[in-house]
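Structure below is coords-v4.txt: compact mmCIF, C-alpha atoms.
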```
# COMPACT_ATOMS: atom_id res chain seq x y z
CA MET A 108 -120.59 35.74 -43.35
CA LYS A 109 -121.05 33.17 -46.13
CA LYS A 110 -117.89 34.44 -47.79
CA LEU A 111 -115.94 34.12 -44.54
CA LEU A 112 -117.19 30.62 -43.76
CA PRO A 113 -114.94 28.78 -46.27
CA VAL A 114 -111.95 30.76 -45.02
CA LEU A 115 -112.73 29.89 -41.39
CA LYS A 116 -113.21 26.23 -42.33
CA PHE A 117 -109.92 26.24 -44.15
CA LEU A 118 -108.10 27.81 -41.18
CA ALA A 119 -109.65 25.23 -38.83
CA VAL A 120 -108.60 22.35 -41.06
CA LEU A 121 -105.18 23.94 -41.49
CA TYR A 122 -104.78 23.99 -37.71
CA ILE A 123 -105.64 20.28 -37.57
CA PHE A 124 -103.09 19.70 -40.33
CA PHE A 125 -100.38 21.51 -38.33
CA LEU A 126 -101.44 19.65 -35.20
CA CYS A 127 -101.03 16.32 -37.00
CA ILE A 128 -97.51 17.19 -38.11
CA GLU A 129 -96.54 18.08 -34.52
CA MET A 130 -98.27 14.98 -33.13
CA MET A 131 -96.60 12.74 -35.69
CA GLY A 132 -93.22 14.14 -34.73
CA GLY A 133 -94.06 13.67 -31.04
CA ALA A 134 -95.03 10.05 -31.65
CA PHE A 135 -91.80 9.31 -33.48
CA LYS A 136 -89.85 10.97 -30.69
CA LEU A 137 -91.54 8.65 -28.18
CA PHE A 138 -90.61 5.72 -30.40
CA GLY A 139 -87.09 6.65 -31.20
CA LYS A 140 -85.61 9.88 -29.92
CA SER A 141 -83.35 8.15 -27.41
CA TRP A 142 -82.58 5.50 -30.00
CA ALA A 143 -81.87 8.22 -32.56
CA HIS A 144 -79.54 9.93 -30.08
CA ASP A 145 -77.70 6.64 -29.52
CA LEU A 146 -77.58 6.14 -33.28
CA LEU A 147 -75.70 9.41 -33.73
CA THR A 148 -72.50 7.75 -32.54
CA VAL A 149 -68.94 8.61 -33.47
CA THR A 150 -67.99 7.47 -36.97
CA ASP A 151 -65.19 8.39 -39.31
CA ASN A 152 -67.04 7.09 -42.37
CA PRO A 153 -68.86 10.00 -44.10
CA LEU A 154 -71.31 7.64 -45.82
CA VAL A 155 -72.30 6.06 -42.50
CA GLY A 156 -72.69 9.53 -40.97
CA LEU A 157 -74.94 10.51 -43.88
CA LEU A 158 -77.09 7.40 -43.52
CA ILE A 159 -77.39 7.85 -39.75
CA GLY A 160 -78.61 11.40 -40.38
CA VAL A 161 -81.22 10.11 -42.86
CA LEU A 162 -82.44 7.36 -40.55
CA ALA A 163 -82.56 9.46 -37.37
CA THR A 164 -84.41 12.30 -39.11
CA SER A 165 -86.85 9.92 -40.80
CA LEU A 166 -87.75 8.54 -37.37
CA MET A 167 -88.16 11.97 -35.75
CA GLN A 168 -89.49 13.71 -38.88
CA SER A 169 -87.51 16.80 -38.01
CA SER A 170 -84.16 17.87 -39.38
CA SER A 171 -84.14 20.59 -36.73
CA SER A 172 -84.23 17.91 -34.02
CA THR A 173 -81.44 15.89 -35.62
CA THR A 174 -79.19 18.85 -36.28
CA SER A 175 -79.82 20.20 -32.79
CA ILE A 176 -78.78 16.83 -31.33
CA VAL A 177 -75.67 16.87 -33.52
CA VAL A 178 -74.88 20.43 -32.43
CA GLY A 179 -75.25 19.39 -28.79
CA MET A 180 -72.96 16.38 -29.28
CA VAL A 181 -70.33 18.56 -30.96
CA ALA A 182 -70.58 21.06 -28.10
CA ALA A 183 -70.10 18.15 -25.66
CA GLY A 184 -67.08 16.91 -27.59
CA SER A 185 -68.77 13.63 -28.62
CA LEU A 186 -68.48 14.44 -32.33
CA SER A 187 -65.92 16.30 -34.36
CA ILE A 188 -66.95 18.75 -37.09
CA PRO A 189 -65.91 16.43 -39.98
CA GLN A 190 -67.97 13.63 -38.42
CA ALA A 191 -70.99 15.87 -37.90
CA VAL A 192 -71.23 17.46 -41.36
CA PRO A 193 -72.38 14.28 -43.22
CA MET A 194 -75.02 13.80 -40.53
CA VAL A 195 -76.57 17.20 -41.15
CA MET A 196 -76.50 16.42 -44.88
CA GLY A 197 -78.42 13.24 -44.14
CA ALA A 198 -80.89 15.23 -42.06
CA ASN A 199 -81.75 17.18 -45.20
CA ILE A 200 -82.80 13.97 -46.93
CA GLY A 201 -84.63 12.48 -43.95
CA THR A 202 -86.80 15.53 -43.33
CA THR A 203 -88.46 15.19 -46.74
CA ILE A 204 -90.33 12.06 -45.61
CA THR A 205 -93.17 14.14 -44.13
CA ASN A 206 -94.29 15.88 -47.32
CA THR A 207 -93.89 12.57 -49.19
CA LEU A 208 -96.22 10.90 -46.67
CA VAL A 209 -98.69 13.78 -47.07
CA SER A 210 -98.77 13.20 -50.83
CA LEU A 211 -100.01 9.64 -50.19
CA GLY A 212 -103.29 11.19 -49.06
CA HIS A 213 -104.04 11.57 -52.78
CA MET A 214 -103.74 7.81 -53.34
CA GLY A 215 -107.40 7.55 -54.29
CA ARG A 216 -107.06 9.81 -57.35
CA LYS A 217 -104.57 8.87 -60.05
CA LYS A 218 -103.82 12.33 -61.48
CA GLU A 219 -103.69 14.00 -58.06
CA LEU A 220 -101.29 11.31 -56.84
CA GLU A 221 -99.01 11.87 -59.81
CA LEU A 222 -98.92 15.64 -59.31
CA SER A 223 -98.61 15.59 -55.52
CA PHE A 224 -96.08 12.76 -55.35
CA SER A 225 -93.82 14.29 -57.99
CA GLY A 226 -94.13 17.67 -56.26
CA ALA A 227 -93.23 16.17 -52.89
CA THR A 228 -90.33 14.06 -54.13
CA VAL A 229 -88.72 16.91 -56.05
CA HIS A 230 -87.54 17.97 -52.58
CA ASP A 231 -86.05 14.49 -52.13
CA PHE A 232 -84.25 14.55 -55.46
CA PHE A 233 -82.88 18.04 -54.86
CA ASN A 234 -81.34 16.88 -51.58
CA LEU A 235 -80.08 13.62 -53.07
CA CYS A 236 -78.43 15.47 -55.96
CA ALA A 237 -76.85 17.94 -53.52
CA VAL A 238 -75.46 15.14 -51.36
CA ILE A 239 -74.10 13.22 -54.35
CA LEU A 240 -72.20 16.33 -55.41
CA PHE A 241 -71.04 17.76 -52.09
CA LEU A 242 -70.43 14.72 -49.85
CA PRO A 243 -67.33 13.55 -51.76
CA LEU A 244 -66.06 17.13 -52.04
CA GLU A 245 -66.49 17.66 -48.32
CA ALA A 246 -64.88 14.31 -47.44
CA PHE A 247 -61.70 15.15 -49.36
CA PHE A 248 -61.44 18.95 -49.36
CA HIS A 249 -63.78 20.25 -46.59
CA PRO A 250 -65.02 23.38 -48.44
CA ILE A 251 -68.23 23.59 -46.40
CA GLU A 252 -66.38 23.29 -43.10
CA ARG A 253 -63.83 25.92 -44.17
CA ILE A 254 -66.52 28.46 -45.15
CA ALA A 255 -68.53 27.78 -41.98
CA THR A 256 -65.43 28.10 -39.79
CA PHE A 257 -64.70 31.50 -41.30
CA ILE A 258 -68.28 32.72 -40.73
CA SER A 259 -68.22 31.31 -37.21
CA SER A 260 -65.12 33.33 -36.41
CA LEU A 261 -67.04 36.49 -37.35
CA LEU A 262 -70.06 35.60 -35.20
CA ILE A 263 -68.35 34.70 -31.93
CA GLY A 264 -69.67 37.03 -29.28
CA PHE A 265 -73.33 36.83 -30.31
CA GLU A 266 -74.16 33.89 -28.02
CA GLY A 267 -77.39 33.76 -26.11
CA ALA A 268 -79.95 34.23 -28.89
CA SER A 269 -83.30 32.59 -28.38
CA PHE A 270 -86.41 32.18 -30.51
CA LYS A 271 -89.68 30.29 -30.12
CA SER A 272 -91.77 29.11 -33.03
CA PRO A 273 -95.22 30.76 -33.03
CA LEU A 274 -96.62 27.63 -34.69
CA LYS A 275 -95.32 25.37 -31.91
CA ALA A 276 -96.80 27.77 -29.35
CA ILE A 277 -100.23 27.12 -30.89
CA VAL A 278 -100.12 23.35 -31.43
CA LYS A 279 -97.62 22.05 -28.89
CA PRO A 280 -99.87 22.55 -25.80
CA VAL A 281 -102.62 20.48 -27.44
CA VAL A 282 -100.18 17.70 -28.32
CA ALA A 283 -98.82 17.85 -24.77
CA MET A 284 -102.37 17.46 -23.39
CA ILE A 285 -102.98 14.44 -25.62
CA LYS A 286 -99.64 12.93 -24.56
CA ASP A 287 -100.35 13.58 -20.85
CA ALA A 288 -103.82 12.08 -21.10
CA GLY A 289 -102.43 9.03 -22.86
CA SER A 290 -99.65 8.65 -20.30
CA GLY A 291 -102.25 8.58 -17.54
CA LEU A 292 -104.14 5.77 -19.22
CA LEU A 293 -101.27 3.76 -20.69
CA GLU A 294 -98.11 2.60 -18.97
CA SER A 295 -96.35 1.54 -22.17
CA LYS A 296 -94.58 4.40 -23.92
CA SER A 297 -94.40 2.39 -27.15
CA LEU A 298 -98.15 1.76 -27.12
CA LEU A 299 -98.81 5.46 -26.51
CA ALA A 300 -96.48 6.35 -29.39
CA GLY A 301 -98.29 3.89 -31.68
CA LEU A 302 -101.72 5.28 -30.79
CA MET A 303 -100.53 8.88 -31.24
CA LEU A 304 -99.04 8.00 -34.61
CA ALA A 305 -102.25 6.27 -35.74
CA LEU A 306 -104.37 9.21 -34.57
CA SER A 307 -102.12 11.74 -36.27
CA LEU A 308 -102.23 9.80 -39.55
CA LEU A 309 -106.03 9.50 -39.46
CA LEU A 310 -106.45 13.20 -38.67
CA LEU A 311 -103.87 14.06 -41.32
CA LEU A 312 -105.85 12.19 -43.98
CA PHE A 313 -109.04 13.89 -42.80
CA ALA A 314 -107.43 17.34 -42.83
CA LEU A 315 -105.88 16.75 -46.23
CA SER A 316 -109.17 15.61 -47.78
CA ARG A 317 -111.00 18.61 -46.34
CA MET A 318 -108.31 21.02 -47.51
CA VAL A 319 -108.52 19.61 -51.02
CA LYS A 320 -112.32 19.81 -50.99
CA ILE A 321 -112.29 23.45 -49.85
CA MET A 322 -109.64 24.33 -52.43
CA ARG A 323 -111.79 22.80 -55.14
CA GLY A 324 -114.72 24.86 -53.92
CA ALA A 325 -115.03 28.41 -52.70
CA LEU A 326 -111.32 28.99 -52.08
CA ALA A 327 -109.98 27.56 -55.32
CA ARG A 328 -110.13 30.77 -57.32
CA ARG A 329 -108.81 32.91 -54.47
CA MET A 330 -105.96 30.48 -53.80
CA GLU A 331 -105.08 30.42 -57.49
CA VAL A 332 -104.90 34.22 -57.59
CA LEU A 333 -102.83 34.31 -54.40
CA VAL A 334 -100.41 31.68 -55.67
CA ASP A 335 -100.14 33.01 -59.21
CA HIS A 336 -99.84 36.68 -58.33
CA TYR A 337 -98.02 36.68 -55.01
CA LEU A 338 -96.34 33.48 -53.81
CA PHE A 339 -94.77 31.65 -56.73
CA THR A 340 -94.57 34.29 -59.45
CA GLY A 341 -90.78 34.12 -59.69
CA THR A 342 -87.82 32.06 -58.55
CA ALA A 343 -86.41 34.69 -56.19
CA ARG A 344 -89.76 35.41 -54.53
CA ALA A 345 -90.61 31.73 -54.05
CA LEU A 346 -87.13 31.08 -52.66
CA LEU A 347 -87.35 33.95 -50.17
CA ILE A 348 -90.86 32.97 -49.07
CA GLY A 349 -89.61 29.42 -48.46
CA VAL A 350 -86.70 30.76 -46.40
CA ALA A 351 -88.77 33.24 -44.38
CA LEU A 352 -91.79 31.02 -43.71
CA THR A 353 -89.66 28.06 -42.62
CA ALA A 354 -87.44 30.24 -40.44
CA ILE A 355 -90.56 31.51 -38.65
CA VAL A 356 -92.31 28.15 -38.37
CA GLN A 357 -89.02 26.33 -37.69
CA SER A 358 -90.13 23.26 -39.64
CA SER A 359 -89.46 22.57 -43.29
CA SER A 360 -91.72 19.51 -42.92
CA VAL A 361 -94.67 21.82 -42.29
CA THR A 362 -93.93 24.43 -44.93
CA THR A 363 -93.18 21.92 -47.70
CA SER A 364 -96.14 19.70 -46.77
CA LEU A 365 -98.40 22.74 -46.96
CA VAL A 366 -97.98 23.06 -50.73
CA VAL A 367 -98.54 19.35 -51.50
CA PRO A 368 -102.36 19.71 -51.64
CA LEU A 369 -101.91 22.73 -53.92
CA LEU A 370 -99.83 20.57 -56.24
CA GLY A 371 -102.32 17.70 -56.10
CA VAL A 372 -105.30 19.79 -57.22
CA GLY A 373 -103.26 21.57 -59.90
CA ILE A 374 -103.34 25.06 -58.37
CA VAL A 375 -99.56 25.31 -58.61
CA ARG A 376 -96.99 23.54 -60.78
CA ILE A 377 -93.87 21.70 -59.67
CA GLU A 378 -91.63 24.20 -61.49
CA ALA A 379 -93.07 27.08 -59.46
CA VAL A 380 -92.83 25.21 -56.13
CA PHE A 381 -89.25 23.98 -56.58
CA PRO A 382 -87.54 27.25 -55.48
CA TYR A 383 -89.88 27.38 -52.47
CA MET A 384 -88.74 23.88 -51.46
CA VAL A 385 -85.10 24.97 -51.83
CA GLY A 386 -85.80 28.02 -49.67
CA ALA A 387 -87.37 25.81 -47.01
CA ASN A 388 -84.10 23.89 -46.81
CA ILE A 389 -82.26 27.10 -46.05
CA GLY A 390 -84.85 28.39 -43.59
CA THR A 391 -84.83 25.21 -41.50
CA THR A 392 -81.18 25.78 -40.51
CA VAL A 393 -82.18 28.65 -38.21
CA THR A 394 -83.11 26.37 -35.29
CA ALA A 395 -79.72 24.66 -35.10
CA ILE A 396 -77.91 27.99 -35.50
CA LEU A 397 -79.84 29.47 -32.57
CA ALA A 398 -79.20 26.30 -30.53
CA SER A 399 -75.48 26.56 -31.28
CA LEU A 400 -75.40 30.23 -30.26
CA VAL A 401 -76.90 29.26 -26.91
CA THR A 402 -74.12 26.69 -26.33
CA GLY A 403 -71.44 29.35 -26.78
CA ASN A 404 -69.28 26.64 -28.37
CA PRO A 405 -67.44 27.69 -31.59
CA ALA A 406 -67.37 24.12 -32.94
CA ALA A 407 -71.13 23.76 -32.39
CA LEU A 408 -71.74 27.06 -34.16
CA THR A 409 -69.53 25.92 -37.03
CA VAL A 410 -71.54 22.70 -37.49
CA ALA A 411 -74.83 24.61 -37.51
CA LEU A 412 -73.39 27.00 -40.09
CA CYS A 413 -72.20 24.02 -42.14
CA HIS A 414 -75.87 23.09 -42.56
CA LEU A 415 -76.64 26.61 -43.77
CA VAL A 416 -73.62 26.77 -46.11
CA PHE A 417 -74.42 23.35 -47.57
CA ASN A 418 -77.99 24.39 -48.40
CA ILE A 419 -76.91 27.71 -49.90
CA LEU A 420 -74.29 26.02 -52.10
CA ALA A 421 -76.82 23.37 -53.14
CA ALA A 422 -79.29 26.11 -54.08
CA ALA A 423 -76.62 27.95 -56.08
CA VAL A 424 -75.89 24.80 -58.09
CA PHE A 425 -79.29 23.16 -58.56
CA LEU A 426 -81.58 26.16 -59.02
CA PRO A 427 -79.96 26.71 -62.44
CA LEU A 428 -79.94 22.92 -62.96
CA LYS A 429 -83.51 22.46 -61.74
CA ARG A 430 -84.45 20.29 -64.72
CA ILE A 431 -82.52 17.39 -63.17
CA PRO A 432 -84.50 16.98 -59.91
CA ILE A 433 -87.76 18.06 -61.56
CA THR A 434 -87.45 15.51 -64.37
CA LEU A 435 -86.56 12.71 -61.94
CA ALA A 436 -89.52 13.62 -59.71
CA LYS A 437 -91.93 13.71 -62.66
CA LEU A 438 -90.77 10.29 -63.85
CA LEU A 439 -91.28 8.84 -60.37
CA GLY A 440 -94.69 10.52 -60.08
CA ALA A 441 -95.82 9.06 -63.40
CA ALA A 442 -94.63 5.58 -62.42
CA THR A 443 -96.40 5.88 -59.06
CA ALA A 444 -99.68 6.88 -60.68
CA GLU A 445 -99.59 3.69 -62.76
CA ARG A 446 -98.41 1.41 -59.94
CA ARG A 447 -99.40 2.87 -56.61
CA TRP A 448 -97.45 0.35 -54.55
CA ILE A 449 -94.30 2.13 -55.77
CA ALA A 450 -95.14 5.09 -53.50
CA VAL A 451 -95.20 2.97 -50.34
CA ALA A 452 -92.13 0.99 -51.42
CA TYR A 453 -90.27 4.23 -52.14
CA VAL A 454 -90.93 5.64 -48.65
CA LEU A 455 -89.96 2.42 -46.87
CA LEU A 456 -86.85 1.71 -48.94
CA VAL A 457 -85.39 5.22 -49.27
CA PHE A 458 -85.98 6.44 -45.73
CA PHE A 459 -85.72 3.29 -43.63
CA VAL A 460 -84.66 0.00 -45.23
CA PHE A 461 -81.67 1.09 -47.35
CA PRO A 462 -80.17 3.44 -44.72
CA ALA A 463 -80.57 0.82 -41.96
CA ILE A 464 -79.02 -1.98 -44.03
CA LEU A 465 -76.14 0.17 -45.27
CA VAL A 466 -75.36 1.46 -41.75
CA PHE A 467 -74.87 -2.11 -40.57
CA VAL A 468 -72.98 -3.14 -43.74
CA PHE A 469 -70.49 -0.32 -43.46
```

Whole structure given in structure tokens:
Amino acid sequence: MKKLLPVLKFLAVLYIFFLCIEMMGGAFKLFGKSWAHDLLTVTDNPLVGLLIGVLATSLMQSSSSTTSIVVGMVAAGSLSIPQAVPMVMGANIGTTITNTLVSLGHMGRKKELELSFSGATVHDFFNLCAVILFLPLEAFFHPIERIATFISSLLIGFEGASFKSPLKAIVKPVVAMIKDAGSGLLESKSLLAGLMLALSLLLLLFALSRMVKIMRGALARRMEVLVDHYLFTGTARALLIGVALTAIVQSSSVTTSLVVPLLGVGIVRIEAVFPYMVGANIGTTVTAILASLVTGNPAALTVALCHLVFNILAAAVFLPLKRIPITLAKLLGAATAERRWIAVAYVLLVFFVFPAILVFVF
């Protein structure tokens, strides 16, 4: 029983961790889902579309939500495919805010902050590099749209697929109970959202600290064996695990955030985690693809497939060139460890301030 106790504790804390991610997303949806929907307005400027995707996803903390909204708007005829593609690219960047926020839980320890923050932001830099390369190509030549259109033509006739995340089935009812209880006590939706966000952040910090403590203790050796011998032993395996796990969970925010504590305590290195992060990008496209199949709209299916094609092409380019995002992330992590205010400034500027300002400028 003593041997099982640390495992049970870890699973309990892990559940709280997952619950916090869901609650955080729910709070942001209360704050800004309708605003985010309004923000996804028609634009012919690819850069503005990209920035809107970043900003909307940063608010909702879910690329699946943003891309599903975009798919729905395309199905309704509110957006064209060329207008929608930059938005789903932006969603890739915006969704990385969650694991970056999780890394801030290591703020109290310099070395852990450096390792966790660099490990979290390598996902950011991968997506930024991919967008810098493919956004101009797509704006002028539309290679992603052309490939997705071809695949879409092969898939027509498979409408009606449905899939429910097993993780959401476990945590969503609890979040719904908290939301319902809060709604009964508070009339203001904004106040409820603020309290839910504060509670989720406090519980997240608690869960993270407990996870780290357990990993340092009885589970550390077992986790190290599991990681070294099974999860991240090779690029292909880590990539496939990232794809499969995220496709099942339907949240790259959850699957990428899960490895941040492992990075912080040194159980796994950034080089080993990078392919897993890339795989998570691919796996998260499943939700929008299923949503598009339900619409029965070929254009909606094409947009969802554009997200998949973009992530596959990005993986094909930057897995061999992994030194670029990894080096950039390590430099940022080292700078953050020396000046911790950089971490907070980075989150605010990259995910909120710059996109908001540039949207209004352009």

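Our summary of the geometry notes that atom CA of Pro432 of chain A is positioned 15.1 Å from atom CA of Gly386 of chain A.
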
Completion exercise
A straight line from atom CA of Ile123 of chain A to atom CA of Phe313 of chain A spans 8.9 Å

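For the atom pair formed by atom CA of Thr205 of chain A and atom CA of Lys279 of chain A, the distance is 17.7 Å, given to one decimal.
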
Completion exercise
Leu222 of chain A proximity check over A:Val380, A:Ile285, A:Leu426, A:Ala387, using all atoms listed in the file: winner is A:Val380

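Using only C-alpha atoms, the smallest distance between any of A:Pro153, A:Leu293, A:Asn388, A:Leu365 and Phe247 of chain A comes from A:Pro153.
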
Handout entry: Within 7 Å of segment 198-203 of chain A using all atoms listed in the file, minus same-chain residues under 4 positions, as a count of residues only
Key = 17

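Among the candidate residues A:Leu299, A:Leu400, A:Leu310, A:Val229, the one lying nearest to Gly440 of chain A is A:Val229, with distances computed using all atoms listed in the file.
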
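Remark: for Arg317 of chain A, the closest of the candidate residues A:Asp151, A:Pro368, A:Val238, A:Lys429 is A:Pro368 (distances computed over only C-alpha atoms).
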
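Across A:Leu115, A:Leu137, A:Leu465, A:Ile321, the tightest approach to Leu298 of chain A is made by A:Leu137 when counting only C-alpha atoms.
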
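Protein and nucleic acid residues near (-67.5, 24.3, -38.4) are Ile188, Pro189, Val192, Ile251, Glu252, Arg253, Ile254, Ala255, Thr256, Phe257, Ile258, Ser259, Pro405, Ala406, Ala407, Leu408, Thr409, Val410, Ala411, Leu412 and Cys413 of chain A, the criterion being any atom at most 9 Å away using only C-alpha atoms.
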
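Of the listed residues (A:Met318, A:Asp287, A:Lys437, A:Arg446), A:Met318 comes nearest to Ala119 of chain A; the distances count all atoms listed in the file.
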